[in-house]
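Input: a single structure, listed below in structure tokens.
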Amino acid sequence: MTTPTSDVDEASPRIESKAELIAYLAAGSKPQADWRIGTEHEKFGFLTDGLRPLPYEGTASVCAMLEGLRDRFGWDPIVEGGHLIGLTQDGASVSLEPGGQFELSGAPLETLHQTCNEVGRHLAEVREIAEPLGIGFLGAGASPLWSLAETPVMPKGRYRIMTAYMDKVGRLGRQMMFRTCTVQTNLDFGSEADMVKKFRVSLALQPLGTALFANSPFLDGRPNGFLSYRSQIWTDTDPDRTGMLPFVFDQGFGFEQYVDYALDVPMYFVRRKGEYLDASGLSFRDFMAGKLPILPGELPAMDDFVDHLSTIFPEVRLKRFLEMRGSDAGPWSRLCAFSAFWTGLMYCPTCLDAAWDLVKDWTAAERECMRQGVRTLGLKTPVPGGGSMQDLAKQVLALSREGLRNRGNLSTSGDDETGYLSELDEIAASGLTPADRLLTRYHTVWNRDVRPIFEEEAY
């Protein structure tokens with residue numbers, strides 16, 4: 001989510017030591033009874049007549065969608081520079097990614113039934129506004145048809161700065177900003193030790209998440225050579241703020257080591273008086289010392305650090321919770337499955353321990369090799385010790401299912417949370433990723449025409 005933090009003014013308390021940053025992250029620790037699930041997903045808006053990307057302004061537009069949700073369903077507006085850029089309601093928010101990707105950042109909820117209902121309710125509201133306007137929404141990891149040049153730019157100050165900086169640090173950063181969509185789950189931890197174990201297990205297994213949810217085999221109207229082109233994009237975006245974070249597996253890793261990492265990630269911006277000041281490439285350590293060139297003598301407020309944390313994009317990201325970030329967006333059923341997959345693993349201590357036993361001997365090079373492999377090989381990717389990602393998927397899904405069963409959360413119809421994994425079980429059994437299946441349809445019933453995806457895979 002990229003909605004703004006509170007504005008920093010002269011009266012805002014300032015950070016005086018690194019210890020305050022460590023304490024900020026540590027304050028995310030919660031007793032297990034208070035652990036919650038937050039589901040975020042992005043989707044591409046398009047005009048059903050002509051399959052063009054959704055512009056920001058106009059009768060059928062991003063702005064019209066936001067206004068419709070605001071006026072019909074009571075969402076509160078978020079305005080920046082006179083532009084409606086997002087909405088909030090009951091702990092959830094709707095925000096815009098750089099190319100107009102429409103994002104729901106769900107509220108922290110207790111059960112998967114609640115979070116899946118939230119996603120379904122949001123998509124129903126979106127359809128109610130979109131259909132009369134001739135708008136559709138697509139769940140995919142990369143925009144399959146229109147070019148980067150054809151993709152609109154949203155009126156958010158941070159994106160102007162990020163766009164200019166991207167070409168300095170990687171070849172595919174603008175592709176990431178404007179042409180990708182993800183699904184993300186935010187999960188809690190109970191202590192520093194619990195955070196470390198969850199961070200390590202989830203990082204090691206992100207390539208598995210990439211493979212199970214791979215859903216971006218098309219670009220510019222044709223196959224792009226990858227099962228998850230979105231994953232490929234992240235390998236050449238910005239090495240300073242992306243990747244598998246090998247230091248997380250170092251002895252002694254904890255909140256302080258993540259703060260040290262964050263302080264060394266180059267900045268993008270500082271917000272003052274509602275404006276984004278270009279700090280691209282500058283040092284937050286210098287800011288902590290009052291030596292930031294664009295704000296000489298000024299120390300950062302905590303909201304500056306929170307903003308800075310939001311500009312770091314590893315496969316798993318630490319805030320006051322852990323964000324699972326390695327997978328492509330997809331249909332409603334897989335949005336629910338994504339949260340179920342990680343919740344079952346992370347929120348069952350015995351299942352988490354068993355998952356750690358599976359991955360603890362992997363080296364940094366092996367973890368990176370799997371990350372690189374799943375982009376094209378999917379579930380056929382080899383894993384350390386023998387076997388394939390498909391074999392690993394079956395093992396890990398069994399652990400996740402056990403974890404969900406142990407939670408014992410029943411829906412109104414008496415079903416527990418394990419049903420959300422059914423689609424993933426079928427993917428693992430077949431060895432075919434969602435992208436494999438899209439490619440089969442492209443080469444057969446679609447007659448090498450990518451446009452049917454906008455009907456068959458639309459929300």
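Letters for chains follow the order of the structure tokens (A, B, ...), residue numbers begin at 1 for each chain, and ligand numbers begin at 1 in the order shown.
Omitting Leu432 in chain A and its sequence neighbours fewer than 2 positions away, and counting only C-alpha atoms, the residues within 12 Å are Ala211, Leu212, Phe213, Ala214, Asn215, Leu227, Leu377, Gly378, Leu379, Lys380, Thr381, Met389, Gln390, Ala393, Glu423, Leu424, Asp425, Glu426, Ile427, Ala428, Ala429, Ser430, Pro434, Ala435, Asp436, Arg437, Leu438, Leu439 and Thr440 of chain A.
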Quick one: contact table of range 309-385 of chain A to range 269-288 of chain A, 12 Å max, nearest atom pair and distance in Å to one decimal per residue, counting only C-alpha atoms, chain and number order, as a tab-separated table?
```
residue	atom	partner	partner_atom	distance
A:Leu309	CA	A:Phe284	CA	10.8
A:Ser310	CA	A:Phe269	CA	11.0
A:Thr311	CA	A:Phe269	CA	9.2
```
**Q.** Closest of A:Leu292, A:Val259, A:Val396, A:Leu322 to Asp353 in chain A - atom-to-atom distances counting only C-alpha atoms
**A.**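 Ranked by minimum distance to Asp353 in chain A, first place goes to A:Val396.
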(Q) Could you go through range 7-222 of chain A and tell me which residues DSSP, when run on the backbone, assigns to alpha helix (DSSP H), listing them as a ChimeraX atom specification? (A) /A:18-26,62-73,112-133,157-169,173-179,192-212
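For the atom pair formed by CA of Met65 in chain A and CA of Phe178 in chain A, the distance is 18.6 Å, given to one decimal.
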Q. Hey, which of A:Trp75, A:Phe226, A:Phe102, A:Phe253 ends up closest to Gly373 in chain A? Count only C-alpha atoms.
A.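 Looking only at the distances to Gly373 in chain A, the closest residue turns out to be A:Phe226.
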(Q) Can you pull out the residues contacting Trp234 in chain A? Cut-off 8 Å, using only C-alpha atoms, and skip same-chain residues under 4 positions away; I want them as a VMD selection string. (A) chain A and resid 172 to 173 176 230 238 242 to 243
Q: Find the spatial neighbours of Trp146 in chain A, counting only C-alpha atoms, within a cut-off of 10 Å - ignore same-chain residues fewer than 4 positions away - and output them as a PyMOL selection string.
A: chain A and resi 51-53+150-151+179+219-221
Q. Of the candidates A:Met267, A:Ala33, A:Val196, A:Val94, which shows the shortest atom-to-atom distance to Leu69 in chain A, using only C-alpha atoms?
A. A:Val94
Q.
What's around Val183 in chain A at 7 Å? Count only C-alpha atoms, leave out sequence neighbours fewer than 6 positions away in its own chain, and write the answer as number ranges by chain.
A. A: 40-42, 327-329, 335
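Backbone DSSP of range 115-168 of chain A yields strand (DSSP E or B) at Ile135, Gly136, Phe137, Leu138 and Ala142 of chain A.
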If you keep N, CA and C atoms, can you produce a file of those selected residues as a short mmCIF file (atom, residue, chain, number, x, y, z; two decimals), in the first residue's frame?
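Saved to again-v7.cif:
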```cif
data_model
loop_
_atom_site.label_atom_id
_atom_site.label_comp_id
_atom_site.auth_asym_id
_atom_site.auth_seq_id
_atom_site.Cartn_x
_atom_site.Cartn_y
_atom_site.Cartn_z
N ILE A 135 -15.97 -0.78 -17.85
CA ILE A 135 -14.65 -1.03 -17.27
C ILE A 135 -14.58 -2.48 -16.79
N GLY A 136 -13.46 -3.12 -16.99
CA GLY A 136 -13.20 -4.43 -16.44
C GLY A 136 -11.90 -4.44 -15.67
N PHE A 137 -11.69 -5.49 -14.88
CA PHE A 137 -10.45 -5.62 -14.12
C PHE A 137 -9.90 -7.03 -14.30
N LEU A 138 -8.60 -7.09 -14.48
CA LEU A 138 -7.90 -8.34 -14.79
C LEU A 138 -6.95 -8.71 -13.66
N ALA A 142 1.38 -9.54 -14.90
CA ALA A 142 1.92 -8.50 -15.78
C ALA A 142 0.87 -8.14 -16.80
#
```
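Atom pair CA of Gly330 in chain A / CA of Gly141 in chain A: separated by 7.0 Å.
Taking only C-alpha atoms, the non-local environment of Leu133 in chain A within 12 Å (same-chain residues fewer than 5 positions away omitted) comprises Gly45, Phe46, Leu47, Thr48, Asp49, Leu54, Gly58, Thr59, Ala60, Ser61, Val62, Cys63, Ala64, Met65, Gly68, Val126, Arg127 and Glu128 of chain A.
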N, CA and C atoms of the current selection, written as a compact mmCIF listing (two decimals), in the first residue's frame:
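Result file again_8.txt:
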```txt
# COMPACT_ATOMS: atom_id res chain seq x y z
N GLY A 45 -7.00 -2.32 -14.47
CA GLY A 45 -8.24 -1.83 -15.03
C GLY A 45 -8.11 -1.65 -16.54
N PHE A 46 -9.20 -1.93 -17.26
CA PHE A 46 -9.16 -1.76 -18.71
C PHE A 46 -10.55 -1.38 -19.22
N LEU A 47 -10.58 -0.76 -20.39
CA LEU A 47 -11.82 -0.43 -21.07
C LEU A 47 -12.26 -1.65 -21.85
N THR A 48 -13.47 -2.13 -21.59
CA THR A 48 -13.91 -3.36 -22.26
C THR A 48 -14.07 -3.17 -23.76
N ASP A 49 -14.33 -1.96 -24.21
CA ASP A 49 -14.40 -1.66 -25.63
C ASP A 49 -13.01 -1.26 -26.12
N LEU A 54 -6.90 1.70 -18.39
CA LEU A 54 -7.81 2.67 -17.80
C LEU A 54 -7.08 3.98 -17.51
N GLY A 58 -11.64 10.99 -16.77
CA GLY A 58 -12.62 10.74 -17.81
C GLY A 58 -13.84 10.03 -17.28
N THR A 59 -14.81 9.85 -18.16
CA THR A 59 -16.05 9.19 -17.76
C THR A 59 -15.82 7.76 -17.31
N ALA A 60 -15.00 7.04 -18.05
CA ALA A 60 -14.59 5.68 -17.67
C ALA A 60 -13.12 5.74 -17.30
N SER A 61 -12.83 5.80 -16.02
CA SER A 61 -11.46 6.09 -15.58
C SER A 61 -11.22 5.61 -14.17
N VAL A 62 -9.95 5.68 -13.78
CA VAL A 62 -9.57 5.37 -12.40
C VAL A 62 -10.28 6.31 -11.43
N CYS A 63 -10.28 7.60 -11.76
CA CYS A 63 -10.93 8.57 -10.87
C CYS A 63 -12.42 8.28 -10.74
N ALA A 64 -13.07 7.93 -11.84
CA ALA A 64 -14.50 7.59 -11.79
C ALA A 64 -14.75 6.38 -10.90
N MET A 65 -13.82 5.41 -10.92
CA MET A 65 -13.95 4.25 -10.05
C MET A 65 -13.86 4.66 -8.58
N GLY A 68 -16.95 6.54 -7.57
CA GLY A 68 -18.09 5.65 -7.42
C GLY A 68 -18.06 4.88 -6.11
N VAL A 126 -16.48 -3.20 -6.77
CA VAL A 126 -15.77 -2.73 -7.96
C VAL A 126 -16.58 -3.04 -9.22
N ARG A 127 -17.12 -4.25 -9.31
CA ARG A 127 -17.93 -4.61 -10.49
C ARG A 127 -19.17 -3.72 -10.61
N GLU A 128 -19.80 -3.42 -9.49
CA GLU A 128 -21.01 -2.61 -9.52
C GLU A 128 -20.74 -1.22 -10.08
```
Q | Pro239 in chain A environment, 12 Å, only C-alpha atoms, sequence neighbours closer than 4 positions dropped, as a ChimeraX atom specification | A | /A:166,168-173,233-235,243-245,265-266,312-315
Q | Selected residue of minimal separation from Val201 in chain A among A:Met370, A:Val248, A:Val383, A:Leu397, counting only C-alpha atoms | A | A:Val248
Q: Counting only C-alpha atoms, figure out which residue out of A:Met177, A:Ile294, A:Leu421, A:Leu112 gets nearest to Asn409 in chain A.
A: A:Leu112
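Among the candidates A:Leu87, A:Leu148, A:Ala340, A:Leu392, the residue lying nearest to Thr180 in chain A is A:Leu148 (atoms considered: only C-alpha atoms).
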